[in-house]
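Chemist: Here you go, one structure.
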Amino acid sequence: MRPPTDRLADALHRALLPLLESELPLLESDMTSLVLPGEADLSEVTASGSALRRFLHGLPGVDQVGVEKRAATLATRSIKRASKVQALELAIGMVDLTTLEGADTPGRVRSLCAKARIPAPGYPDVPSVAAVCVYPDMVATAVDALSGTGIHVASVATAFPSGRAHLDIKLADTRNAVADGADEIDMVIDRGAFLAGRYGQVLDEIVAVKNACGDAHLKVILETGELATYDNVRRASWLALAGGADFIKTSTGKVSPASTLPVTLVMLEAVRDHAALTGEIRGVKSAGGIRTTKDAIRYLVLVNEVAGAAWLHPDRFRFGASSLLNDLLMQWHKQATGRYWTSNRVTID
Amino acid sequence: MATRLDVNKTYKLYVGGAFPRSESGRTYEIADTKGRFLANAAQASRKDVRDAVTAARKAQPGWAAATAYNRGQVLYRVAEIMEGRREQFTGEVAVSEDLSSRNAAAVVDAAIDRWVWYAGWSDKFAQVAGAANPVAGPYFNLSVPEPTGVVGALAPQSSSLLGLIEVLAPIIVSGNSVVAVTSQDRPLPAITLAEALATSDLPGGVVNLLTGQTDELAPILAGHLDVDAIDLTGMAGRDTTDLEVLAAENLKRVLATPDTEPDVTDPPAGPRRILAFCETKTVWHPKGR
């Protein structure tokens, strides 16, 4: 890491003034990051709409070229065999096995749950996945199929994927899913309000949904494909974290582009900086478009390098995916047996 | 006038319709039969085999779904393109196999004719091998040969072009895709064939050609669980027990190794090589009244 230039330090300082009344010395920081020492809380910035706007617009801008370059550089890292096996098992354990189709049937959800419990029959070394992610009306089926396994049931809610519904409907959607037994809720933010600059409204919604969640974990989907800039991704990340998100999630998977490495990098930085600022650990979920083991391992490298090894855990990083699991299993078998595997030996969904 | 600089051809692999270098970056020297240097060829690695099988798997369903008539037309088109490159083939076969240019030209003619011969079988072999079976019930009972999927092939070591075509053409005519390891020491005509295939109407990935060490690549192909059959012609006269054991894991069809490299000067007596890579599907259909 190189020490920040004076100008950068000044810029960071100015950006953080609304956040912190007292002046704090800045740590060494790389160009795109925002690291704060000590503990603080975000309650002041969320106290009023104008303070929130000042804070979000005071966040240092994301160096687009720099962040893309860094993500691309990390993607070239070579992972040796022993580490690869570890990475594969870790990645399998981080998968939120997802089915979010209009054509979902109880039978399909049950078969997905069976796969979630035992991804590779006959190979007990392969862990089960972190969670199964379904639409709210399928939660009861999934809970039933996964009872006693420790696998979480995640439900999308709040008028997924567009989020275009009245707040009471979004809250009812959330409460129903929780009542049916979902212990993780994936909500979407109101991108329309966010892009129009009504940050307070977005925040209030997140807080309201968080309350409706009760004990269930809340993942806040930013839908980065619709946010247009990395600056917006950073703002939305901080907004979601301030609203109480346990995870921030890249995408619904219904919009292209979905998850990309640079976007995930920006979100990981937000979570890392948030932890440094408040001492609270939050997670990141990358969803959509991650189909190959190669991609998944690149994300793990990114997590390790940006947020740190502490985030290499299913409680702190997740993959939202369906076909990725099959590729992970095929590669796992390749590593275990030394022979290239075939898609004929894994289930289609 | 200044002396013109040599423009030498880089011999590369043929995978998924593209011409990549080996993933490993390796090359090996190709010499003529008298040991004189001819060219550097790409030396394929384990990962090149993997990539080629992935490409072959992706291309196979579309190729098999084409009508038999259409596949025949496409193969005939390959022969047309080869015809236009006859001189290049002749030159390479002559240096690779130590033949006079007249003999090499005869081999190239035979190779093109063999391709046409197999193209003609595309909509005929099913009639020879298929049947309407008499059964003890009110059913139509029909057997038809269908392509098995992705086939790995070890091309003959000495017959660099005609031998390769005798292996390739019967595999793909029925709708299989193929990953072929070319003659180890005589791979140059195979790469020129790849150029002919790439400029014909054959979909990319149906034929994939890897140059390199047969002993290194054969076990990887034989052990690959996404390969449905393997042709061991290139191992003629050698013990292939280990390869057959590897192939047994996923019940690959194995075209057994001949004791000596087969003489392919004349067309075979029938579609034996085509049927070696087909599976028979039998359908029962109620007759009604």
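So you can find residues: chains in the structure tokens are A, B, ... in the order shown, residues in each start at 1, and ligands are numbered from 1 in order.
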With 9 Å as the cut-off and only C-alpha atoms counted, what is the closest atom pair between each nearby residue of chain B and chain A? Distances in Å to one decimal, ordered by chain and number, as a Markdown table.
Modeler:
| residue | atom | partner | partner_atom | distance |
| --- | --- | --- | --- | --- |
| B:Arg50 | CA | A:Tyr340 | CA | 7.5 |
| B:Ile220 | CA | A:Arg339 | CA | 7.7 |
| B:Gly223 | CA | A:Arg339 | CA | 6.1 |
| B:His224 | CA | A:Tyr340 | CA | 4.9 |
| B:Leu225 | CA | A:Trp341 | CA | 5.1 |
| B:Asp226 | CA | A:Thr342 | CA | 4.5 |
| B:Val227 | CA | A:Thr342 | CA | 8.3 |
Chemist: Restricted to N, CA and C atoms, what would the selected residues look like written as an mmCIF file, in the first residue's frame?
Modeler:
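Result went into selection.cif, see below:
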data_model
loop_
_atom_site.group_PDB
_atom_site.id
_atom_site.type_symbol
_atom_site.label_atom_id
_atom_site.label_comp_id
_atom_site.auth_asym_id
_atom_site.auth_seq_id
_atom_site.Cartn_x
_atom_site.Cartn_y
_atom_site.Cartn_z
ATOM 1 N N ARG B 50 -9.083 -30.553 -22.773
ATOM 2 C CA ARG B 50 -10.312 -30.149 -22.063
ATOM 3 C C ARG B 50 -11.095 -29.129 -22.891
ATOM 4 N N ILE B 220 -5.601 -38.800 -21.543
ATOM 5 C CA ILE B 220 -6.513 -37.737 -21.115
ATOM 6 C C ILE B 220 -7.839 -37.871 -21.857
ATOM 7 N N GLY B 223 -9.635 -41.003 -20.608
ATOM 8 C CA GLY B 223 -10.180 -40.889 -19.265
ATOM 9 C C GLY B 223 -11.247 -39.833 -19.117
ATOM 10 N N HIS B 224 -11.416 -38.989 -20.124
ATOM 11 C CA HIS B 224 -12.361 -37.881 -20.021
ATOM 12 C C HIS B 224 -13.790 -38.414 -20.000
ATOM 13 N N LEU B 225 -14.536 -38.058 -18.976
ATOM 14 C CA LEU B 225 -15.867 -38.648 -18.834
ATOM 15 C C LEU B 225 -16.888 -38.001 -19.764
ATOM 16 N N ASP B 226 -16.527 -36.925 -20.423
ATOM 17 C CA ASP B 226 -17.468 -36.305 -21.353
ATOM 18 C C ASP B 226 -17.168 -36.711 -22.802
ATOM 19 N N VAL B 227 -16.311 -37.704 -22.969
ATOM 20 C CA VAL B 227 -16.049 -38.262 -24.291
ATOM 21 C C VAL B 227 -16.772 -39.602 -24.355
#
Chemist: Would you mind listing what lies within 7 Å of range 252-265 of chain A as a PyMOL selection string, with only C-alpha atoms counted and same-chain residues fewer than 4 positions away left out?
Modeler: chain A and resi 67-68+71+161+221+223+225+230+269+286-289+299+302+306
Chemist: Could you name the residues that touch Gly130 in chain B at 6 Å or less, counting only C-alpha atoms, but leaving out those on the same chain fewer than 2 positions away, as a list in words?
Modeler: Ala126, Gln127, Val128, Ser143 and Val144 of chain B
Chemist: Let's have the selection written as a tab-separated table (two decimals), in the first residue's frame, with N, CA, C and O atoms.
Modeler:
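The file below, again28.tsv, is the result:
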chain	number	residue	atom	x	y	z
B	126	ALA	N	-27.95	-45.17	-42.53
B	126	ALA	CA	-29.06	-45.53	-41.65
B	126	ALA	C	-29.98	-46.56	-42.33
B	126	ALA	O	-30.61	-47.38	-41.65
B	127	GLN	N	-30.01	-46.51	-43.65
B	127	GLN	CA	-30.84	-47.49	-44.36
B	127	GLN	C	-30.18	-48.85	-44.38
B	127	GLN	O	-30.85	-49.89	-44.40
B	128	VAL	N	-28.86	-48.85	-44.37
B	128	VAL	CA	-28.14	-50.12	-44.35
B	128	VAL	C	-28.19	-50.74	-42.96
B	128	VAL	O	-28.45	-51.94	-42.81
B	143	SER	N	-35.43	-49.87	-35.84
B	143	SER	CA	-34.11	-49.60	-35.29
B	143	SER	C	-33.38	-48.61	-36.20
B	143	SER	O	-33.35	-48.80	-37.41
B	144	VAL	N	-32.83	-47.57	-35.58
B	144	VAL	CA	-32.05	-46.60	-36.36
B	144	VAL	C	-30.73	-46.30	-35.65
B	144	VAL	O	-30.70	-46.21	-34.43
Chemist: Run DSSP on the backbone and grab whatever in range 125-348 of chain A lands in helix (DSSP H, G or I); send it over as number ranges by chain.
Modeler: A: 136-146, 167-179, 191-195, 199-213, 224-226, 230-242, 261-278, 293-307, 309-311, 323-337, 343-345
Chemist: I'd like the contact shell of Ala41 in chain B - 12 Å cut-off, only C-alpha atoms, skipping same-chain residues fewer than 4 positions apart - returned as a VMD selection string.
Modeler: chain B and resid 9 to 14 20 to 22 25 to 31 37 182 to 191 210 to 213
Chemist: Name the residues of range 93-324 of chain A that fall into strand (DSSP E) according to DSSP on the backbone, using the chain letters and numbers of this document, as a PyMOL selection string.
Modeler: chain A and resi 95-98+131-134+152-157+184-188+217-221+247-249+283-287+317-321
Chemist: Take the selection from the previous step and output its residues with N, CA and C atoms, as a JSON list (two decimals), in the first residue's frame.
Modeler:
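Writing done, so here's part.json:
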[["chain", "number", "residue", "atom", "x", "y", "z"],
["A", 95, "VAL", "N", -22.86, -21.05, -1.75],
["A", 95, "VAL", "CA", -23.88, -20.88, -2.78],
["A", 95, "VAL", "C", -25.27, -20.71, -2.16],
["A", 96, "ASP", "N", -25.99, -19.70, -2.60],
["A", 96, "ASP", "CA", -27.43, -19.61, -2.37],
["A", 96, "ASP", "C", -28.07, -20.22, -3.60],
["A", 97, "LEU", "N", -28.46, -21.47, -3.49],
["A", 97, "LEU", "CA", -29.01, -22.18, -4.65],
["A", 97, "LEU", "C", -30.38, -21.56, -4.96],
["A", 98, "THR", "N", -30.51, -21.04, -6.16],
["A", 98, "THR", "CA", -31.61, -20.13, -6.44],
["A", 98, "THR", "C", -32.52, -20.65, -7.54],
["A", 131, "ALA", "N", -27.71, -21.79, 1.42],
["A", 131, "ALA", "CA", -29.13, -21.49, 1.49],
["A", 131, "ALA", "C", -29.81, -21.85, 0.18],
["A", 132, "VAL", "N", -31.13, -21.96, 0.25],
["A", 132, "VAL", "CA", -31.93, -22.08, -0.96],
["A", 132, "VAL", "C", -32.74, -20.80, -1.07],
["A", 133, "CYS", "N", -32.76, -20.21, -2.26],
["A", 133, "CYS", "CA", -33.41, -18.92, -2.44],
["A", 133, "CYS", "C", -34.60, -19.07, -3.39],
["A", 134, "VAL", "N", -35.79, -18.73, -2.90],
["A", 134, "VAL", "CA", -37.02, -18.94, -3.67],
["A", 134, "VAL", "C", -37.93, -17.71, -3.57],
["A", 152, "HIS", "N", -30.14, -22.54, 5.26],
["A", 152, "HIS", "CA", -31.07, -21.43, 5.38],
["A", 152, "HIS", "C", -32.06, -21.41, 4.22],
["A", 153, "VAL", "N", -33.22, -20.83, 4.50],
["A", 153, "VAL", "CA", -34.17, -20.59, 3.42],
["A", 153, "VAL", "C", -34.24, -19.08, 3.20],
["A", 154, "ALA", "N", -33.84, -18.66, 2.03],
["A", 154, "ALA", "CA", -33.89, -17.25, 1.69],
["A", 154, "ALA", "C", -35.08, -17.02, 0.78],
["A", 155, "SER", "N", -35.73, -15.89, 0.98],
["A", 155, "SER", "CA", -36.85, -15.56, 0.12],
["A", 155, "SER", "C", -36.66, -14.15, -0.42],
["A", 156, "VAL", "N", -36.86, -13.99, -1.70],
["A", 156, "VAL", "CA", -36.91, -12.63, -2.22],
["A", 156, "VAL", "C", -38.24, -12.05, -1.78],
["A", 157, "ALA", "N", -38.27, -10.76, -1.61],
["A", 157, "ALA", "CA", -39.52, -10.13, -1.17],
["A", 157, "ALA", "C", -39.53, -8.70, -1.68],
["A", 184, "GLU", "N", -33.90, -15.71, 5.82],
["A", 184, "GLU", "CA", -33.16, -14.66, 5.14],
["A", 184, "GLU", "C", -34.11, -14.01, 4.13],
["A", 185, "ILE", "N", -34.10, -12.70, 4.09],
["A", 185, "ILE", "CA", -34.97, -11.98, 3.15],
["A", 185, "ILE", "C", -34.09, -11.19, 2.18],
["A", 186, "ASP", "N", -34.32, -11.38, 0.89],
["A", 186, "ASP", "CA", -33.60, -10.61, -0.13],
["A", 186, "ASP", "C", -34.55, -9.53, -0.66],
["A", 187, "MET", "N", -34.35, -8.29, -0.20],
["A", 187, "MET", "CA", -35.23, -7.21, -0.67],
["A", 187, "MET", "C", -34.54, -6.43, -1.79],
["A", 188, "VAL", "N", -35.36, -5.78, -2.60],
["A", 188, "VAL", "CA", -34.79, -4.90, -3.63],
["A", 188, "VAL", "C", -34.99, -3.46, -3.19],
["A", 217, "HIS", "N", -32.39, -12.55, 8.60],
["A", 217, "HIS", "CA", -31.34, -11.70, 8.05],
["A", 217, "HIS", "C", -31.87, -10.96, 6.84],
["A", 218, "LEU", "N", -31.38, -9.74, 6.68],
["A", 218, "LEU", "CA", -31.84, -8.96, 5.53],
["A", 218, "LEU", "C", -30.71, -8.78, 4.53],
["A", 219, "LYS", "N", -30.96, -9.16, 3.30],
["A", 219, "LYS", "CA", -30.02, -8.87, 2.21],
["A", 219, "LYS", "C", -30.67, -7.79, 1.35],
["A", 220, "VAL", "N", -29.93, -6.75, 1.07],
["A", 220, "VAL", "CA", -30.48, -5.65, 0.29],
["A", 220, "VAL", "C", -29.88, -5.69, -1.12],
["A", 221, "ILE", "N", -30.76, -5.87, -2.10],
["A", 221, "ILE", "CA", -30.31, -5.97, -3.49],
["A", 221, "ILE", "C", -30.23, -4.56, -4.08],
["A", 247, "PHE", "N", -26.58, -8.11, 4.66],
["A", 247, "PHE", "CA", -25.81, -8.37, 3.44],
["A", 247, "PHE", "C", -26.18, -7.27, 2.45],
["A", 248, "ILE", "N", -25.24, -6.89, 1.60],
["A", 248, "ILE", "CA", -25.63, -6.14, 0.41],
["A", 248, "ILE", "C", -25.39, -7.04, -0.79],
["A", 249, "LYS", "N", -26.35, -7.02, -1.69],
["A", 249, "LYS", "CA", -26.36, -7.99, -2.79],
["A", 249, "LYS", "C", -26.35, -7.23, -4.10],
["A", 283, "GLY", "N", -22.13, -8.57, 5.28],
["A", 283, "GLY", "CA", -21.68, -9.45, 4.20],
["A", 283, "GLY", "C", -22.03, -8.91, 2.82],
["A", 284, "VAL", "N", -21.50, -9.60, 1.81],
["A", 284, "VAL", "CA", -21.78, -9.25, 0.41],
["A", 284, "VAL", "C", -22.26, -10.51, -0.30],
["A", 285, "LYS", "N", -23.26, -10.34, -1.16],
["A", 285, "LYS", "CA", -23.70, -11.46, -1.99],
["A", 285, "LYS", "C", -23.64, -11.04, -3.45],
["A", 286, "SER", "N", -22.89, -11.80, -4.23],
["A", 286, "SER", "CA", -22.82, -11.56, -5.66],
["A", 286, "SER", "C", -23.79, -12.50, -6.36],
["A", 287, "ALA", "N", -24.67, -11.94, -7.15],
["A", 287, "ALA", "CA", -25.69, -12.79, -7.76],
["A", 287, "ALA", "C", -25.85, -12.44, -9.23],
["A", 317, "PHE", "N", -19.94, -13.93, 2.82],
["A", 317, "PHE", "CA", -19.95, -13.81, 1.36],
["A", 317, "PHE", "C", -20.77, -14.95, 0.78],
["A", 318, "ARG", "N", -21.59, -14.61, -0.19],
["A", 318, "ARG", "CA", -22.45, -15.63, -0.82],
["A", 318, "ARG", "C", -22.42, -15.45, -2.33],
["A", 319, "PHE", "N", -22.70, -16.56, -2.99],
["A", 319, "PHE", "CA", -22.95, -16.54, -4.44],
["A", 319, "PHE", "C", -24.43, -16.83, -4.65],
["A", 320, "GLY", "N", -25.13, -15.95, -5.33],
["A", 320, "GLY", "CA", -26.48, -16.27, -5.73],
["A", 320, "GLY", "C", -26.42, -16.90, -7.10],
["A", 321, "ALA", "N", -26.75, -18.19, -7.19],
["A", 321, "ALA", "CA", -26.50, -18.88, -8.46],
["A", 321, "ALA", "C", -27.33, -20.14, -8.55]]
Chemist: Find the residues around Val116 in chain B up to 12 Å (only C-alpha atoms counted), leave out those fewer than 6 positions away in its own chain, and share them as number ranges by chain.
Modeler: B: 71-83, 109-110, 122, 165-166, 169-170, 173, 267
